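Only one structure is covered here, and it is reproduced in the block below.
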Amino acid sequence: MSAPNFDARFDRQVRFAALGAAGQARLEQASVLVVGCGALGGSLALQLVRSGVGHVRLVDRDVVELTNLPRQVLFEERHIGRPKALAAQETLARIGGPSRVEALAEHVDADNLAELARGAQLLLDGTDNLATRYLINDFCVERGLPWIYGGVVGAAGLVLPIVPQLGPCLRCVFPEPPPPGALPTCDTAGVILPAVAAIAALQCAAALRLVATPRERWSEIEPHLIELDVWRLESRVLSAARDPECPCCGAREFPYLDASGEGLAISLCGRNTVQVRPGGGARAAADLPALAARLEASGFELVLADGVLRFSAEGKRFTVFRDARALIEGLEDPARARALYDRFLGS
Ligand SMILES: [Zn+2]
């Protein structure tokens, strides 16, 4: 088989004058980190790869579930139970093209974001939680990297492209995250694919524009906050401004970068699942084959595949990742989960 001709593949994009051959070449040189590859992140990754972005790194801590399939476009029934990042990578590889897709089944926190973002010139928000978004904002403002905020609930969502120093950061617009339980979530209010697709499309367009535009011309990109409701067909484009009093991009305080080690066991909202991370703040690594052998010797039924170990114990389903993180399904209580983690994985 002859090598594919990428110039021919991207003919219609190159004909789009605002992108052109120079913009397309910049896309193919670009390196982007997509944080989370569920609904928004999966749709973002699909668009980035189809558009020919050269290096796309995906990071996601979760596994595919049945209820993801109506809106998480990279997954099929056969992926259920597999790490999302790896299932996404498999789907994206079938598209072909010049993109190199890297997949990491990891939890993102202040300890590892710098490593995960190594070499990336832009970060894209495909997360489902505010803590990670405020962490990304601190990180990107501190480093002077652009990132694109996106969020969806129900049929509506928000997009805010953030270019540090040239426009507002997340905390200029939303100074503090609301307390837990203050906002509807996809688990309480539901969510539909058209809303996800629309918000991801706006995020991806902003990303392509930033990547295709030389840095010295980023000041031409308007700092807009976009609100969109695909059910009621309502949209608002608000001109967002920098807040000179902003604790992040003004005073350059980055508290979320210092939040290491918090939330070692967190209940995943509405999921009857708790995520447990190893303590001590250190980056741990689990010897999964050794753990599998130990559990098997104790009579547990298990599956070790795709870099994750799955087994059931005490009526709970455990999924253990190489970074020693575990998802424990079948309970809500973090302390109980921590105890089970220590019992089955502990030292
Ligand atoms: Zn700010």
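Ligands are numbered from 1 in the order shown, chains are lettered A, B, ... in the order of the structure tokens, and residues start at 1 in each chain.
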Which residues sit within 12 Å of ligand 1, counting only C-alpha atoms and all ligand atoms, listed as a count of residues only? 37
Which residues, written as a PDB file with N, CA and C atoms, in the first residue's frame, have at least one atom at most 9 Å from A:Glu65, with only C-alpha atoms counted and residues fewer than 5 positions away on the same chain left out?
```pdb
ATOM      1  N   GLU A  77     -20.008  -0.575  22.645  1.00  0.00           N
ATOM      2  CA  GLU A  77     -20.333  -1.520  23.721  1.00  0.00           C
ATOM      3  C   GLU A  77     -19.142  -2.401  24.089  1.00  0.00           C
ATOM      4  N   HIS A  79     -16.202  -1.656  24.404  1.00  0.00           N
ATOM      5  CA  HIS A  79     -15.201  -0.986  25.231  1.00  0.00           C
ATOM      6  C   HIS A  79     -15.577  -0.945  26.714  1.00  0.00           C
ATOM      7  N   ILE A  80     -16.786  -1.368  27.067  1.00  0.00           N
ATOM      8  CA  ILE A  80     -17.243  -1.218  28.458  1.00  0.00           C
ATOM      9  C   ILE A  80     -16.275  -1.918  29.414  1.00  0.00           C
ATOM     10  N   GLY A  81     -15.877  -1.180  30.435  1.00  0.00           N
ATOM     11  CA  GLY A  81     -14.929  -1.703  31.421  1.00  0.00           C
ATOM     12  C   GLY A  81     -13.484  -1.381  31.115  1.00  0.00           C
ATOM     13  N   ARG A  82     -13.203  -0.921  29.878  1.00  0.00           N
ATOM     14  CA  ARG A  82     -11.804  -0.605  29.527  1.00  0.00           C
ATOM     15  C   ARG A  82     -11.483   0.846  29.869  1.00  0.00           C
TER      16      ARG A  82
END
```
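Residues surrounding stretch 228-235 of chain A within 6 Å are Ala155, Ala156, Gly157 and Ala195 of chain A [only C-alpha atoms; sequence separation below 5 positions excluded].
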Export C-alpha atoms of the chosen residues as a PDB file, in the first residue's frame?
```pdb
ATOM      1  CA  ALA A 155     -28.811  20.994  26.677  1.00  0.00           C
ATOM      2  CA  ALA A 156     -26.629  23.998  27.488  1.00  0.00           C
ATOM      3  CA  GLY A 157     -22.993  24.832  27.894  1.00  0.00           C
ATOM      4  CA  ALA A 195     -25.116  19.935  23.510  1.00  0.00           C
TER       5      ALA A 195
END
```
Identify, on the basis of only C-alpha atoms, every residue whose closest approach to stretch 293-303 of chain A does not exceed 10 Å; exclude the query and any residue fewer than 3 positions from it along the same chain; express the result as a PDB file with C-alpha atoms, in the first residue's frame.
```pdb
ATOM      1  CA  LEU A 288      -0.261  -5.405  38.664  1.00  0.00           C
ATOM      2  CA  PRO A 289       0.996  -8.874  37.642  1.00  0.00           C
ATOM      3  CA  ALA A 290       2.244  -9.473  41.181  1.00  0.00           C
ATOM      4  CA  ASP A 306      -5.002  -3.179  28.901  1.00  0.00           C
ATOM      5  CA  VAL A 308      -5.710  -2.527  34.355  1.00  0.00           C
ATOM      6  CA  LEU A 309      -6.575  -5.229  36.838  1.00  0.00           C
ATOM      7  CA  ARG A 310     -10.241  -5.920  37.528  1.00  0.00           C
ATOM      8  CA  PHE A 311     -11.619  -8.128  40.268  1.00  0.00           C
ATOM      9  CA  SER A 312     -14.563  -8.377  42.655  1.00  0.00           C
ATOM     10  CA  ALA A 313     -14.358  -8.598  46.410  1.00  0.00           C
ATOM     11  CA  PHE A 318     -12.323  -3.075  41.776  1.00  0.00           C
ATOM     12  CA  THR A 319     -10.463  -1.600  38.808  1.00  0.00           C
ATOM     13  CA  PHE A 344      -6.831  -5.606  49.047  1.00  0.00           C
ATOM     14  CA  LEU A 345      -4.050  -3.391  47.737  1.00  0.00           C
TER      15      LEU A 345
END
```
Students should find that atom CA of A:Gln47 and atom CA of A:Asn112 are spaced 25.7 Å
Polymer residues at most 12 Å from A:Leu340, only C-alpha atoms, same-chain spacing of 3 or more positions, as an MDAnalysis selection string: chainID A and resid 265 274:276 312:318 326:331 333:337 343:346
Write the residues you've just listed into a file as a short mmCIF file (atom, residue, chain, number, x, y, z; two decimals), in the first residue's frame, and include C-alpha atoms for each of them.
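To be explicit, this is the file written out as again_27.cif:
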```cif
data_model
loop_
_atom_site.label_atom_id
_atom_site.label_comp_id
_atom_site.auth_asym_id
_atom_site.auth_seq_id
_atom_site.Cartn_x
_atom_site.Cartn_y
_atom_site.Cartn_z
CA ALA A 265 -10.51 8.93 48.29
CA VAL A 274 -15.21 5.81 44.89
CA GLN A 275 -11.79 6.57 43.48
CA VAL A 276 -8.90 5.85 45.82
CA SER A 312 -14.56 -8.38 42.65
CA ALA A 313 -14.36 -8.60 46.41
CA GLU A 314 -16.82 -7.98 49.24
CA GLY A 315 -19.53 -7.48 46.62
CA LYS A 316 -17.59 -4.53 45.16
CA ARG A 317 -15.94 -4.27 41.75
CA PHE A 318 -12.32 -3.07 41.78
CA ALA A 326 -8.39 2.15 42.11
CA LEU A 327 -12.02 2.66 41.23
CA ILE A 328 -14.25 0.76 43.64
CA GLU A 329 -17.83 0.33 42.42
CA GLY A 330 -20.74 -0.52 44.65
CA LEU A 331 -20.36 2.03 47.45
CA ASP A 333 -18.43 6.02 51.39
CA PRO A 334 -14.82 7.18 50.79
CA ALA A 335 -13.64 5.91 54.18
CA ARG A 336 -15.06 2.46 53.55
CA ALA A 337 -13.47 2.50 50.09
CA ARG A 343 -7.23 -4.42 52.62
CA PHE A 344 -6.83 -5.61 49.05
CA LEU A 345 -4.05 -3.39 47.74
CA GLY A 346 -2.44 -1.95 50.82
#
```
One decimal place gives the atom CA of A:Trp147-atom CA of A:Gly42 separation as 16.5 Å
Pull the strand (DSSP E) assignments for stretch 99-282 of chain A out of DSSP run on the backbone, and list those residues as a CSV table (one decimal) with C-alpha atoms, in the first residue's frame.
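The resulting selection29.csv:
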```csv
chain,number,residue,atom,x,y,z
A,100,ARG,CA,0.1,10.7,16.8
A,101,VAL,CA,-2.2,9.9,19.7
A,102,GLU,CA,-0.8,9.2,23.1
A,103,ALA,CA,-3.1,7.8,25.8
A,104,LEU,CA,-2.6,7.9,29.6
A,122,LEU,CA,-2.4,24.2,24.4
A,123,LEU,CA,-4.6,22.4,26.9
A,124,LEU,CA,-8.2,21.5,26.2
A,125,ASP,CA,-10.8,21.0,29.0
A,147,TRP,CA,-6.4,26.6,27.3
A,148,ILE,CA,-10.0,26.3,26.3
A,149,TYR,CA,-12.6,25.9,29.1
A,150,GLY,CA,-15.8,24.0,28.2
A,151,GLY,CA,-18.7,22.7,30.2
A,152,VAL,CA,-22.1,21.1,29.5
A,153,VAL,CA,-25.1,20.2,31.5
A,156,ALA,CA,-26.6,24.0,27.5
A,157,GLY,CA,-23.0,24.8,27.9
A,158,LEU,CA,-20.2,27.4,28.1
A,159,VAL,CA,-17.0,28.0,26.3
A,160,LEU,CA,-14.2,30.3,27.2
A,161,PRO,CA,-10.9,30.4,25.4
A,162,ILE,CA,-8.2,31.6,27.8
A,224,HIS,CA,-15.4,35.8,24.2
A,225,LEU,CA,-17.5,33.8,26.7
A,226,ILE,CA,-20.0,31.8,24.7
A,227,GLU,CA,-23.3,30.5,26.2
A,228,LEU,CA,-25.3,28.1,24.1
A,229,ASP,CA,-28.6,26.2,24.6
A,234,GLU,CA,-30.5,30.4,22.4
A,235,SER,CA,-27.0,31.7,22.4
A,236,ARG,CA,-25.1,34.6,23.9
A,237,VAL,CA,-21.6,35.9,23.1
A,238,LEU,CA,-20.4,38.0,26.0
A,239,SER,CA,-17.3,40.1,25.9
A,265,ALA,CA,-10.5,8.9,48.3
A,266,ILE,CA,-13.3,10.7,46.5
A,267,SER,CA,-16.8,9.6,45.8
A,268,LEU,CA,-17.6,10.0,42.0
A,273,THR,CA,-18.1,4.5,42.9
A,274,VAL,CA,-15.2,5.8,44.9
A,275,GLN,CA,-11.8,6.6,43.5
A,276,VAL,CA,-8.9,5.9,45.8
```
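Counting only C-alpha atoms and comparing A:Cys204, A:Leu130, A:Ile221, A:Ala25, the residue that lies closest to A:Leu183 is A:Leu130.
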request  = Find the spatial neighbours of A:Ala88, counting only C-alpha atoms, within a cut-off of 10 Å - ignore same-chain residues fewer than 5 positions away - and output them as a ChimeraX atom specification.
outcome  = /A:37-38,41-42,45-46,58,60,64,72-76,79,82-83,93,101-103
Residue set, stretch 11-244 of chain A restricted to alpha helix (DSSP H), as a ChimeraX atom specification: /A:11-15,20-29,39-51,84-93,113-116,130-143,170-173,186-189,193-212
For the residues in that selection, give me C-alpha atoms as a short mmCIF file (atom, residue, chain, number, x, y, z; two decimals), in the first residue's frame.
```
data_model
loop_
_atom_site.label_atom_id
_atom_site.label_comp_id
_atom_site.auth_asym_id
_atom_site.auth_seq_id
_atom_site.Cartn_x
_atom_site.Cartn_y
_atom_site.Cartn_z
CA ASP A 11 -7.53 19.74 0.67
CA ARG A 12 -10.83 21.23 1.92
CA GLN A 13 -9.25 22.58 5.09
CA VAL A 14 -6.41 24.22 3.16
CA ARG A 15 -9.00 25.83 0.87
CA GLY A 20 -4.65 27.84 4.42
CA ALA A 21 -1.54 25.74 3.84
CA ALA A 22 0.45 27.64 6.47
CA GLY A 23 -2.23 27.09 9.12
CA GLN A 24 -2.54 23.42 8.23
CA ALA A 25 1.23 23.04 8.53
CA ARG A 26 1.06 24.59 11.99
CA LEU A 27 -1.68 22.12 13.00
CA GLU A 28 0.51 19.23 11.93
CA GLN A 29 3.40 20.57 14.04
CA ALA A 39 -18.13 13.35 26.38
CA LEU A 40 -16.40 16.67 25.63
CA GLY A 41 -12.89 15.25 25.57
CA GLY A 42 -13.77 12.41 23.22
CA SER A 43 -15.48 14.77 20.82
CA LEU A 44 -12.51 17.16 21.03
CA ALA A 45 -10.00 14.39 20.38
CA LEU A 46 -11.99 13.18 17.38
CA GLN A 47 -12.03 16.66 15.85
CA LEU A 48 -8.34 17.31 16.56
CA VAL A 49 -7.29 14.04 14.94
CA ARG A 50 -9.59 14.47 11.94
CA SER A 51 -8.19 18.00 11.53
CA LYS A 84 -11.33 5.43 28.39
CA ALA A 85 -7.99 6.82 27.25
CA LEU A 86 -6.95 3.50 25.69
CA ALA A 87 -10.34 2.82 24.10
CA ALA A 88 -10.28 6.34 22.64
CA GLN A 89 -6.80 5.82 21.26
CA GLU A 90 -7.93 2.60 19.57
CA THR A 91 -10.89 4.31 17.88
CA LEU A 92 -8.79 7.29 16.78
CA ALA A 93 -6.08 5.04 15.31
CA LEU A 113 -0.10 17.97 35.48
CA ALA A 114 3.27 19.48 34.56
CA GLU A 115 4.52 16.09 33.42
CA LEU A 116 1.30 15.34 31.51
CA LEU A 130 -14.31 22.14 38.66
CA ALA A 131 -11.32 21.22 40.80
CA THR A 132 -9.41 20.06 37.74
CA ARG A 133 -10.44 23.15 35.77
CA TYR A 134 -9.14 25.51 38.47
CA LEU A 135 -5.94 23.47 38.55
CA ILE A 136 -5.58 23.75 34.75
CA ASN A 137 -6.21 27.50 34.99
CA ASP A 138 -3.48 27.99 37.62
CA PHE A 139 -1.07 25.86 35.64
CA CYS A 140 -1.71 27.58 32.29
CA VAL A 141 -1.63 31.12 33.67
CA GLU A 142 1.59 30.35 35.55
CA ARG A 143 3.17 28.95 32.35
CA LEU A 170 -11.15 31.41 34.43
CA ARG A 171 -10.89 33.21 37.79
CA CYS A 172 -11.41 36.65 36.20
CA VAL A 173 -14.85 35.39 35.18
CA CYS A 186 -24.82 15.61 34.32
CA ASP A 187 -25.73 13.03 36.95
CA THR A 188 -28.57 15.14 38.35
CA ALA A 189 -29.78 17.15 35.35
CA LEU A 193 -25.22 14.60 22.78
CA PRO A 194 -26.13 17.65 20.63
CA ALA A 195 -25.12 19.93 23.51
CA VAL A 196 -21.84 18.07 23.97
CA ALA A 197 -21.16 18.13 20.22
CA ALA A 198 -21.89 21.86 19.93
CA ILE A 199 -19.73 22.89 22.89
CA ALA A 200 -16.88 20.61 21.79
CA ALA A 201 -17.10 22.08 18.28
CA LEU A 202 -16.74 25.63 19.64
CA GLN A 203 -13.83 24.57 21.83
CA CYS A 204 -12.12 22.80 18.95
CA ALA A 205 -12.59 25.73 16.56
CA ALA A 206 -10.99 28.02 19.15
CA ALA A 207 -8.15 25.53 19.58
CA LEU A 208 -7.50 25.23 15.84
CA ARG A 209 -7.53 29.00 15.50
CA LEU A 210 -5.02 29.45 18.34
CA VAL A 211 -2.72 26.74 17.04
CA ALA A 212 -2.88 27.98 13.44
#
```
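Each of A:Ser99, A:Arg57, A:Thr127, A:Ala117 was compared to A:Gly36 using only C-alpha atoms, and A:Thr127 turns out to be the nearest.
Coordinates place atom CA of A:Arg325 at a distance of 8.6 Å from atom CA of A:Ala285.
Closest approach to A:Ala339 among A:Leu257, A:Leu19, A:Val191, A:Leu264 is made by A:Leu264 (distances from only C-alpha atoms).
Of the listed residues A:Asp128, A:Leu66, A:Pro177, A:Arg118, the one whose atoms come nearest to A:Tyr256 is A:Pro177, with distances taken using only C-alpha atoms.
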